[in-house]
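Containing mmCIF, C-alpha atoms: data_27.cif.
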```cif
data_model
loop_
_atom_site.label_atom_id
_atom_site.label_comp_id
_atom_site.auth_asym_id
_atom_site.auth_seq_id
_atom_site.Cartn_x
_atom_site.Cartn_y
_atom_site.Cartn_z
CA MET A 1 0.00 0.00 0.00
CA ILE A 2 2.82 2.38 0.87
CA ALA A 3 5.10 1.92 -2.10
CA GLY A 4 2.69 3.33 -4.69
CA LEU A 5 2.34 6.87 -3.35
CA TYR A 6 -0.21 9.36 -4.63
CA ARG A 7 -0.62 10.08 -8.33
CA ALA A 8 -2.71 13.17 -9.06
CA GLY A 9 -5.91 12.68 -11.04
CA ASP A 10 -9.59 13.55 -11.23
CA SER A 11 -11.25 10.13 -11.46
CA VAL A 12 -14.17 9.01 -9.35
CA LEU A 13 -11.68 7.05 -7.21
CA HIS A 14 -9.58 10.17 -6.64
CA ARG A 15 -12.67 12.07 -5.54
CA MET A 16 -13.94 9.33 -3.22
CA GLY A 17 -13.40 9.93 0.52
CA ALA A 18 -10.28 8.40 2.10
CA GLY A 19 -12.31 6.82 4.93
CA ALA A 20 -14.64 5.11 2.44
CA LYS A 21 -11.65 3.77 0.47
CA ILE A 22 -9.97 2.38 3.58
CA ALA A 23 -13.25 0.76 4.71
CA ALA A 24 -13.78 -0.71 1.20
CA LEU A 25 -10.22 -2.04 1.22
CA ALA A 26 -10.74 -3.68 4.62
CA PHE A 27 -13.99 -5.26 3.37
CA ALA A 28 -12.45 -6.42 0.07
CA GLY A 29 -9.41 -7.77 1.92
CA THR A 30 -11.62 -9.90 4.15
CA LEU A 31 -13.80 -10.96 1.22
CA VAL A 32 -10.94 -12.04 -1.05
CA LEU A 33 -9.52 -14.30 1.64
CA THR A 34 -12.84 -16.15 1.87
CA LEU A 35 -12.96 -16.85 -1.89
CA THR A 36 -12.21 -20.49 -2.57
CA SER A 37 -13.11 -20.50 -6.27
CA LEU A 38 -10.34 -19.74 -8.75
CA TRP A 39 -12.89 -18.07 -11.03
CA LEU A 40 -14.24 -15.81 -8.29
CA ALA A 41 -10.73 -14.84 -7.23
CA GLY A 42 -9.85 -14.18 -10.88
CA GLY A 43 -13.02 -12.10 -11.20
CA PHE A 44 -11.99 -10.07 -8.14
CA LEU A 45 -8.56 -9.47 -9.65
CA GLY A 46 -10.30 -8.40 -12.90
CA ILE A 47 -12.41 -5.86 -10.98
CA VAL A 48 -9.29 -4.42 -9.31
CA LEU A 49 -7.55 -4.12 -12.70
CA ALA A 50 -10.66 -2.43 -14.14
CA LEU A 51 -10.54 0.06 -11.26
CA TYR A 52 -6.93 0.88 -12.24
CA GLY A 53 -8.27 1.71 -15.70
CA ILE A 54 -11.07 3.86 -14.23
CA ALA A 55 -8.45 5.74 -12.15
CA GLY A 56 -6.50 6.42 -15.35
CA PHE A 57 -3.54 4.14 -14.56
CA GLY A 58 -1.93 1.90 -17.17
CA PRO A 59 -0.35 -1.58 -17.05
CA ARG A 60 3.08 -0.13 -16.22
CA LEU A 61 1.83 1.17 -12.87
CA VAL A 62 0.09 -2.16 -12.18
CA LEU A 63 3.41 -3.97 -12.71
CA ALA A 64 5.23 -1.39 -10.58
CA GLN A 65 2.95 -2.29 -7.66
CA LEU A 66 3.70 -6.00 -8.01
CA ARG A 67 7.44 -5.82 -8.78
CA PRO A 68 8.60 -5.29 -5.15
CA VAL A 69 6.62 -8.34 -3.99
CA ALA A 70 7.24 -10.58 -7.01
CA PHE A 71 9.91 -12.58 -5.15
CA LEU A 72 7.59 -13.11 -2.19
CA LEU A 73 4.74 -14.19 -4.48
CA ALA A 74 7.08 -16.64 -6.23
CA ILE A 75 8.08 -18.21 -2.89
CA LEU A 76 4.41 -18.37 -1.88
CA PHE A 77 3.54 -20.02 -5.19
CA ALA A 78 6.30 -22.62 -4.85
CA ALA A 79 5.38 -23.40 -1.24
CA GLN A 80 1.69 -23.78 -2.11
CA ILE A 81 2.44 -26.12 -5.04
CA TRP A 82 4.42 -28.30 -2.63
CA LEU A 83 1.85 -28.11 0.19
CA ALA A 84 -1.52 -28.00 -1.60
CA GLY A 85 -1.09 -28.43 -5.35
CA PRO A 86 -1.04 -26.14 -8.39
CA ALA A 87 -4.69 -25.03 -8.33
CA ASP A 88 -4.44 -23.77 -4.74
CA ALA A 89 -1.08 -22.17 -5.50
CA VAL A 90 -2.63 -20.12 -8.32
CA LEU A 91 -5.60 -19.22 -6.10
CA VAL A 92 -3.36 -17.97 -3.25
CA VAL A 93 -1.16 -15.92 -5.57
CA ILE A 94 -4.19 -14.36 -7.28
CA ARG A 95 -5.69 -13.47 -3.89
CA PHE A 96 -2.50 -11.79 -2.66
CA ALA A 97 -1.79 -10.03 -5.94
CA ALA A 98 -5.37 -8.67 -6.01
CA LEU A 99 -5.07 -7.51 -2.42
CA ILE A 100 -1.72 -5.80 -3.00
CA LEU A 101 -3.05 -4.10 -6.11
CA ALA A 102 -6.21 -2.96 -4.28
CA ALA A 103 -4.13 -1.52 -1.44
CA GLY A 104 -1.83 0.16 -3.98
CA LEU A 105 -4.86 1.68 -5.69
CA VAL A 106 -5.97 3.29 -2.41
CA THR A 107 -2.54 4.92 -1.98
CA LEU A 108 -2.30 5.94 -5.62
CA THR A 109 -5.66 7.73 -5.55
CA THR A 110 -5.49 9.24 -2.04
CA ARG A 111 -3.25 12.01 -0.76
CA THR A 112 -1.22 10.90 2.24
CA ALA A 113 -2.63 13.77 4.30
CA ASP A 114 -6.20 12.57 3.56
CA LEU A 115 -5.29 8.97 4.42
CA VAL A 116 -3.69 10.11 7.64
CA SER A 117 -6.65 12.36 8.53
CA ALA A 118 -9.02 9.43 7.99
CA ILE A 119 -6.91 7.20 10.26
CA GLU A 120 -6.74 10.02 12.81
CA ARG A 121 -10.55 10.36 12.78
CA ALA A 122 -10.97 6.60 13.14
CA LEU A 123 -8.60 6.54 16.12
CA SER A 124 -10.03 9.62 17.85
CA PRO A 125 -12.55 7.63 20.00
CA PHE A 126 -9.56 5.91 21.62
CA ALA A 127 -8.31 9.24 22.99
CA ARG A 128 -10.11 8.54 26.26
CA LEU A 129 -7.91 5.44 26.61
CA GLY A 130 -4.86 7.66 26.31
CA LEU A 131 -4.13 7.15 22.61
CA ASP A 132 -2.82 10.28 20.89
CA ALA A 133 -4.28 9.95 17.36
CA GLY A 134 -2.23 12.93 16.15
CA ARG A 135 1.03 11.23 17.06
CA VAL A 136 -0.02 7.96 15.45
CA SER A 137 -0.97 9.73 12.21
CA LEU A 138 2.30 11.69 12.16
CA ALA A 139 4.23 8.44 12.61
CA ILE A 140 2.38 6.93 9.63
CA SER A 141 3.13 9.99 7.47
CA LEU A 142 6.80 9.83 8.40
CA ALA A 143 6.98 6.13 7.54
CA ILE A 144 5.49 6.84 4.10
CA ARG A 145 7.69 9.88 3.50
CA PHE A 146 10.96 8.23 4.46
CA ILE A 147 10.69 4.88 2.68
CA PRO A 148 12.42 6.34 -0.42
CA ALA A 149 15.04 7.95 1.87
CA VAL A 150 15.87 4.57 3.43
CA GLY A 151 16.35 3.12 -0.06
CA GLN A 152 18.59 6.04 -0.98
CA ILE A 153 20.75 5.68 2.15
CA THR A 154 21.16 1.97 1.49
CA ALA A 155 22.22 2.67 -2.11
CA GLU A 156 24.71 5.33 -0.94
CA VAL A 157 26.31 3.02 1.62
CA ARG A 158 26.52 0.22 -0.94
CA GLU A 159 28.13 2.59 -3.45
CA ALA A 160 30.62 3.90 -0.84
CA GLN A 161 31.66 0.34 0.04
CA SER A 162 32.04 -0.62 -3.63
CA ALA A 163 34.12 2.53 -4.28
CA ARG A 164 36.55 1.41 -1.57
CA GLY A 165 36.90 -2.03 -3.09
CA ARG A 166 34.64 -3.81 -0.67
CA ARG A 167 31.99 -6.13 -1.98
CA PRO A 168 28.75 -5.07 -0.25
CA SER A 169 26.86 -7.76 1.63
CA PRO A 170 23.76 -7.52 3.82
CA LEU A 171 26.00 -7.93 6.88
CA THR A 172 28.33 -5.03 6.03
CA LEU A 173 25.41 -2.83 4.99
CA VAL A 174 23.31 -3.17 8.14
CA VAL A 175 25.43 -1.26 10.66
CA PRO A 176 26.26 1.87 8.61
CA VAL A 177 22.68 2.08 7.30
CA ILE A 178 21.23 1.83 10.82
CA VAL A 179 23.68 4.44 12.15
CA ARG A 180 22.70 6.87 9.38
CA LEU A 181 19.00 6.16 9.90
CA LEU A 182 19.29 6.87 13.63
CA LYS A 183 21.09 10.15 12.92
CA MET A 184 18.42 11.03 10.36
CA ALA A 185 15.70 10.21 12.92
CA ASP A 186 17.31 12.65 15.40
CA GLU A 187 17.40 15.40 12.79
CA ILE A 188 13.79 14.78 11.74
CA ALA A 189 12.64 14.92 15.37
CA GLU A 190 14.47 18.23 15.75
CA ALA A 191 12.85 19.58 12.57
CA ILE A 192 9.38 18.57 13.75
CA ASP A 193 10.04 20.31 17.07
CA ALA A 194 11.14 23.43 15.20
CA ARG A 195 7.95 23.46 13.11
CA SER A 196 5.51 22.67 15.92
CA MET B 1 14.64 41.48 19.77
CA ILE B 2 16.51 38.32 20.82
CA THR B 3 18.54 38.63 24.00
CA LEU B 4 21.16 36.21 25.31
CA SER B 5 22.36 36.81 28.88
CA GLY B 6 25.28 34.98 30.46
CA VAL B 7 24.73 31.99 28.17
CA ARG B 8 26.76 28.87 28.69
CA LEU B 9 25.91 25.63 26.90
CA GLU B 10 27.21 22.15 27.60
CA ARG B 11 26.28 19.09 25.54
CA GLY B 12 27.22 15.56 26.54
CA GLY B 13 29.58 16.91 29.23
CA ARG B 14 31.43 19.08 26.68
CA LEU B 15 31.49 22.87 26.81
CA VAL B 16 30.01 24.13 23.52
CA LEU B 17 29.37 27.83 24.19
CA SER B 18 30.29 30.22 26.99
CA GLY B 19 30.24 33.90 27.85
CA ILE B 20 27.54 34.85 25.34
CA GLU B 21 26.02 38.29 25.99
CA LEU B 22 24.08 39.63 23.04
CA ALA B 23 21.07 41.62 21.93
CA LEU B 24 20.04 40.93 18.34
CA SER B 25 17.71 43.31 16.56
CA GLU B 26 19.25 43.85 13.12
CA ARG B 27 17.36 42.68 10.00
CA ARG B 28 20.24 40.62 8.61
CA ILE B 29 22.71 38.93 10.94
CA GLY B 30 25.45 36.65 9.66
CA ILE B 31 27.14 33.93 11.74
CA ILE B 32 30.49 32.53 10.60
CA GLY B 33 33.12 30.32 12.20
CA ALA B 34 35.10 27.14 11.74
CA ASN B 35 33.55 23.67 12.07
CA GLY B 36 32.85 22.89 15.71
CA SER B 37 33.07 26.54 16.78
CA GLY B 38 29.54 26.44 18.24
CA LYS B 39 27.65 28.42 15.60
CA SER B 40 25.02 25.72 14.86
CA SER B 41 24.42 25.22 18.59
CA PHE B 42 24.09 29.00 18.91
CA ALA B 43 21.46 28.98 16.14
CA ARG B 44 19.52 26.25 17.97
CA LEU B 45 19.46 28.36 21.12
CA LEU B 46 17.56 31.07 19.27
CA ASN B 47 14.34 29.06 18.84
CA GLY B 48 14.54 26.86 21.91
CA LEU B 49 15.72 23.68 20.19
CA LEU B 50 18.53 23.89 22.74
CA VAL B 51 18.25 25.66 26.08
CA PRO B 52 21.30 27.09 27.82
CA THR B 53 22.89 25.22 30.72
CA GLN B 54 23.37 28.62 32.38
CA GLY B 55 21.92 32.03 31.57
CA SER B 56 18.88 32.77 29.47
CA VAL B 57 17.70 33.40 25.92
CA THR B 58 14.60 35.51 25.31
CA VAL B 59 12.79 36.17 22.04
CA GLU B 60 10.58 39.25 22.08
CA GLY B 61 10.48 38.86 25.87
CA LEU B 62 9.67 35.12 25.86
CA ASP B 63 12.10 32.79 27.63
CA THR B 64 13.09 29.91 25.32
CA GLY B 65 13.36 27.50 28.27
CA LYS B 66 9.93 28.26 29.70
CA GLU B 67 7.87 29.14 26.63
CA ALA B 68 9.44 27.05 23.89
CA LYS B 69 6.23 26.61 21.90
CA ALA B 70 5.49 30.34 21.81
CA VAL B 71 9.13 31.03 20.90
CA ARG B 72 9.01 28.59 17.97
CA ARG B 73 6.01 30.45 16.58
CA LYS B 74 8.16 33.55 16.47
CA VAL B 75 11.38 31.94 15.20
CA GLY B 76 11.36 29.71 12.12
CA PHE B 77 14.32 27.41 11.52
CA VAL B 78 15.68 26.09 8.22
CA PHE B 79 18.16 23.21 8.48
CA GLN B 80 21.11 22.38 6.26
CA ASN B 81 19.58 19.21 4.83
CA PRO B 82 16.02 19.64 3.50
CA ASP B 83 15.62 15.84 3.30
CA ASN B 84 15.31 15.69 7.06
CA GLN B 85 13.07 18.72 7.35
CA VAL B 86 10.34 17.94 4.84
CA VAL B 87 8.16 15.39 6.63
CA TYR B 88 5.30 14.68 4.21
CA PRO B 89 5.58 12.80 0.90
CA THR B 90 4.20 15.61 -1.30
CA VAL B 91 5.03 19.31 -1.37
CA GLY B 92 1.48 20.53 -0.71
CA GLU B 93 0.97 18.17 2.23
CA ASP B 94 4.24 19.25 3.78
CA LEU B 95 3.39 22.95 3.55
CA ALA B 96 0.05 22.18 5.23
CA PHE B 97 1.78 20.34 8.12
CA GLY B 98 2.52 23.33 10.36
CA LEU B 99 -0.79 25.02 9.57
CA LYS B 100 -2.76 21.93 10.63
CA GLY B 101 -0.86 21.93 13.90
CA ARG B 102 -2.13 25.45 14.49
CA GLY B 103 -5.75 24.39 14.04
CA LEU B 104 -6.52 26.31 10.82
CA ALA B 105 -9.61 25.31 8.83
CA ARG B 106 -9.09 23.29 5.65
CA PRO B 107 -10.11 26.04 3.14
CA GLU B 108 -7.74 28.46 4.85
CA ILE B 109 -4.92 25.90 4.73
CA THR B 110 -5.54 25.24 1.01
CA ALA B 111 -5.52 28.97 0.21
CA LYS B 112 -2.31 29.58 2.18
CA VAL B 113 -0.57 26.59 0.59
CA GLU B 114 -1.48 27.79 -2.92
CA ALA B 115 -0.34 31.35 -2.17
CA THR B 116 2.96 30.09 -0.70
CA LEU B 117 3.65 27.79 -3.65
CA GLU B 118 3.20 30.74 -5.99
CA ARG B 119 5.31 33.06 -3.84
CA PHE B 120 8.28 30.70 -3.93
CA GLY B 121 8.04 29.83 -7.61
CA LEU B 122 6.63 26.39 -6.83
CA SER B 123 3.27 26.71 -8.60
CA GLY B 124 2.15 23.30 -9.82
CA PHE B 125 4.40 21.53 -7.29
CA GLY B 126 1.60 20.82 -4.78
CA ASP B 127 1.20 17.16 -5.79
CA ARG B 128 4.87 16.54 -6.62
CA LEU B 129 6.68 13.90 -4.56
CA VAL B 130 9.40 15.49 -2.42
CA HIS B 131 11.92 12.73 -3.04
CA GLU B 132 11.66 13.33 -6.78
CA LEU B 133 12.62 17.02 -6.53
CA SER B 134 16.11 18.44 -7.06
CA GLY B 135 18.19 19.54 -4.06
CA GLY B 136 17.46 23.21 -4.78
CA GLU B 137 13.74 22.62 -5.09
CA ARG B 138 13.72 20.62 -1.85
CA GLN B 139 15.51 23.39 0.05
CA MET B 140 12.98 25.89 -1.35
CA VAL B 141 10.15 23.64 -0.09
CA ALA B 142 11.82 23.52 3.34
CA LEU B 143 12.04 27.34 3.37
CA ALA B 144 8.42 27.68 2.22
CA GLY B 145 7.28 25.18 4.90
CA VAL B 146 8.76 27.43 7.58
CA LEU B 147 7.70 30.79 6.14
CA ILE B 148 4.08 29.70 5.61
CA LEU B 149 3.81 29.96 9.40
CA GLU B 150 4.81 33.64 9.21
CA PRO B 151 7.50 33.76 11.91
CA GLN B 152 8.99 37.11 12.95
CA TRP B 153 12.52 35.72 12.83
CA LEU B 154 14.10 33.20 10.51
CA VAL B 155 17.22 31.23 11.43
CA LEU B 156 18.98 29.42 8.58
CA ASP B 157 21.66 26.88 9.49
CA GLU B 158 23.97 26.52 6.47
CA PRO B 159 21.02 26.40 4.05
CA THR B 160 23.15 26.53 0.90
CA THR B 161 25.83 23.97 1.78
CA LEU B 162 24.23 21.26 -0.39
CA LEU B 163 23.28 23.60 -3.25
CA ASP B 164 25.06 24.55 -6.47
CA ARG B 165 25.78 28.22 -7.27
CA ARG B 166 22.59 28.75 -9.24
CA ASN B 167 20.37 27.30 -6.51
CA THR B 168 22.34 29.21 -3.88
CA ARG B 169 21.57 32.45 -5.76
CA THR B 170 17.87 31.55 -6.04
CA MET B 171 17.68 30.62 -2.37
CA MET B 172 19.47 33.76 -1.19
CA ALA B 173 17.34 35.98 -3.46
CA ALA B 174 14.27 34.51 -1.75
CA VAL B 175 15.83 35.12 1.68
CA GLU B 176 16.88 38.68 0.83
CA ALA B 177 13.31 39.53 -0.22
CA LEU B 178 11.92 38.52 3.19
CA GLU B 179 10.61 41.10 5.58
CA GLN B 180 11.55 38.90 8.56
CA ASN B 181 14.68 39.39 10.65
CA VAL B 182 17.15 36.77 9.42
CA VAL B 183 20.01 35.00 11.20
CA LEU B 184 22.17 33.22 8.64
CA VAL B 185 24.76 30.62 9.69
CA THR B 186 27.10 29.90 6.81
CA HIS B 187 30.59 28.96 5.64
CA ASP B 188 30.08 30.97 2.45
CA LEU B 189 31.63 34.35 3.31
CA SER B 190 30.10 36.04 0.26
CA LEU B 191 26.63 35.49 1.73
CA VAL B 192 27.32 37.62 4.82
CA GLU B 193 28.84 40.56 2.91
CA THR B 194 25.46 42.32 2.76
CA CYS B 195 24.48 41.60 6.39
CA ASP B 196 23.97 44.43 8.88
CA ARG B 197 26.00 42.62 11.53
CA VAL B 198 28.26 39.57 11.53
CA LEU B 199 29.27 37.43 14.51
CA VAL B 200 32.40 35.31 14.30
CA PHE B 201 32.54 32.18 16.47
CA GLY B 202 35.73 30.48 17.62
CA GLU B 203 35.99 27.67 20.17
CA GLY B 204 32.57 28.37 21.68
CA ARG B 205 32.98 32.11 22.05
CA ILE B 206 32.17 35.17 20.01
CA VAL B 207 35.53 36.42 18.83
CA ALA B 208 34.22 39.25 16.67
CA ASP B 209 30.95 41.17 16.47
CA ALA B 210 31.25 43.72 13.72
CA ALA B 211 30.33 44.93 10.26
CA PRO B 212 30.84 42.32 7.50
CA ARG B 213 34.23 43.49 6.18
CA GLU B 214 35.87 43.61 9.63
CA ALA B 215 34.25 40.35 10.77
CA ILE B 216 35.34 38.49 7.63
CA ALA B 217 38.91 39.80 8.04
CA THR B 218 38.95 38.54 11.65
CA TYR B 219 37.65 35.13 10.57
CA LEU B 220 40.25 34.81 7.80
CA ARG B 221 43.03 35.66 10.30
CA LEU B 222 41.62 33.00 12.65
CA VAL B 223 41.63 30.21 10.10
CA SER B 224 44.87 31.11 8.31
#
```
Is it possible to give me this structure as structure tokens?
Amino acid sequence: MIAGLYRAGDSVLHRMGAGAKIAALAFAGTLVLTLTSLWLAGGFLGIVLALYGIAGFGPRLVLAQLRPVAFLLAILFAAQIWLAGPADAVLVVIRFAALILAAGLVTLTTRTADLVSAIERALSPFARLGLDAGRVSLAISLAIRFIPAVGQITAEVREAQSARGRRPSPLTLVVPVIVRLLKMADEIAEAIDARS
Amino acid sequence: MITLSGVRLERGGRLVLSGIELALSERRIGIIGANGSGKSSFARLLNGLLVPTQGSVTVEGLDTGKEAKAVRRKVGFVFQNPDNQVVYPTVGEDLAFGLKGRGLARPEITAKVEATLERFGLSGFGDRLVHELSGGERQMVALAGVLILEPQWLVLDEPTTLLDRRNTRTMMAAVEALEQNVVLVTHDLSLVETCDRVLVFGEGRIVADAAPREAIATYLRLVS
């Protein structure tokens, strides 16, 4: 849901309220997991793809939503073939792909601020239990905003290690990336303080 | 006016600043000094991001230690790296961030965001993703995100360090056009040449407080 990020547009999906889209996603997510027929699951996937068309998005954006999870879907597919057979493997992959695409569609057609406001409104009744909805929504915004930054830091560290003749591995990447992320977190906290 | 009385600042057991006695009221104040001389910590004292270990800092009569929130409404702060200052994914959402925190109604926020985008040459950038912008554009968004809150003072901590010459010129032209009082921390000596007053920091102390030409000469002697 996060990776897509908002794409401006004027479709009916763009104009739909963020709260309604989140509720519809929750409902569709529950529904798709109850579908045991390959045809029904395929039909659901078809509806999601049609909604991409209605929102004005082409096949390239559909593939962009699935690319980051392709490896995971492949593992899921292989495991399901081994555990339950090919028909169930296809069903499971279709369900997950449809769900990922539906979640991506919500992000692509909804401004982050509107998503966050909707979550904040939904959480506001819990204020009496001590939950600060404002803080939760800010944390969600920050997570969305800084996902590309985390990718960029990782790429920079990898490049710096390669430039010094070191072959980057997950083990050598982890520590410098975490150190830079912690420093970045300190600076972001300071900036939020300064703007509050 | 910003007043610093008997200010001493320690961080992590290390003395960062000492013996600071100042009254700042000029429209353009430059801060220069070597790395580690205390100028960035000094800048953070001005809007309450840091509070002095001893002494006091007041902004228009408000103590930064006791009324930090009110002080931050009066003093905007622009950091060196815009990547860590812009907190929302799109430009428009980020500009709205501070306004929402002040409880403004949605139509008012939208109008202010549009006006600010236009003012800073960012028309049409409202829906653009921040991480897809150039460094210069990102720093301009960071500046706009602070100025939309209409502070009386603006503190800029090395705002042009990551910018090329063209973006530095654009950024400084925007800063020069501001009606706010500006405190500019920088390593670029050419940027303080037009200031009304320049402070030179060295090893946690103010070693010169003078007009630009004299202050720059003192700094160059210090680092030579």
message: Using all atoms listed in the file and a distance of at most 10 Å, pull out the residues of chain B that contact chain A, as an NGL selection string.
response: :B and (44 or 47-50 or 68-73 or 75-79 or 81-90 or 92-94 or 96-102 or 126-132 or 145-146 or 149)
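If you look at atom CA of Leu220 of chain B and atom CA of Asp164 of chain B, they are 23.2 Å away from each other.
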Ground truth for the PyMOL selection byres ((chain B and resi 180-193) around 6), written as a PDB file with C-alpha atoms, in the coordinates of the input:
```pdb
ATOM      1  CA  ARG B  27      17.360  42.680  10.000  1.00  0.00           C
ATOM      2  CA  ARG B  28      20.240  40.620   8.610  1.00  0.00           C
ATOM      3  CA  ILE B  29      22.710  38.930  10.940  1.00  0.00           C
ATOM      4  CA  GLY B  30      25.450  36.650   9.660  1.00  0.00           C
ATOM      5  CA  ILE B  31      27.140  33.930  11.740  1.00  0.00           C
ATOM      6  CA  ILE B  32      30.490  32.530  10.600  1.00  0.00           C
ATOM      7  CA  GLN B 152       8.990  37.110  12.950  1.00  0.00           C
ATOM      8  CA  TRP B 153      12.520  35.720  12.830  1.00  0.00           C
ATOM      9  CA  LEU B 154      14.100  33.200  10.510  1.00  0.00           C
ATOM     10  CA  VAL B 155      17.220  31.230  11.430  1.00  0.00           C
ATOM     11  CA  LEU B 156      18.980  29.420   8.580  1.00  0.00           C
ATOM     12  CA  ASP B 157      21.660  26.880   9.490  1.00  0.00           C
ATOM     13  CA  GLU B 158      23.970  26.520   6.470  1.00  0.00           C
ATOM     14  CA  LEU B 178      11.920  38.520   3.190  1.00  0.00           C
ATOM     15  CA  GLU B 179      10.610  41.100   5.580  1.00  0.00           C
ATOM     16  CA  THR B 194      25.460  42.320   2.760  1.00  0.00           C
ATOM     17  CA  CYS B 195      24.480  41.600   6.390  1.00  0.00           C
ATOM     18  CA  PRO B 212      30.840  42.320   7.500  1.00  0.00           C
TER      19      PRO B 212
END
```
- request: Calculate how many Å separate atom CA of Gly165 of chain A from atom CA of Arg180 of chain A, rounding to one decimal.
  value: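 About the pair atom CA of Gly165 of chain A and atom CA of Arg180 of chain A: they are 20.9 Å apart.
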- request: Run the PyMOL selection byres ((chain B and resi 199) around 6) on the file and write out the hits as a PyMOL selection string.
  value: chain B and resi 31+198+200+208-209
Can those selected residues be exported to a file as a PDB file, in the frame of the given file so that it contains C-alpha atoms?
```pdb
ATOM      1  CA  ILE B  31      27.140  33.930  11.740  1.00  0.00           C
ATOM      2  CA  VAL B 198      28.260  39.570  11.530  1.00  0.00           C
ATOM      3  CA  VAL B 200      32.400  35.310  14.300  1.00  0.00           C
ATOM      4  CA  ALA B 208      34.220  39.250  16.670  1.00  0.00           C
ATOM      5  CA  ASP B 209      30.950  41.170  16.470  1.00  0.00           C
TER       6      ASP B 209
END
```
message: Just the number, please: distance in Å from atom CA of Ile109 of chain B to atom CA of His14 of chain A, one decimal.
response: 20.0 Å
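Residues within 8 Å of Ala34 of chain B, counting all atoms listed in the file and excluding same-chain residues fewer than 2 positions away, are Ile32, Gly36, Ser37, His187, Phe201, Gly202 and Val223 of chain B.
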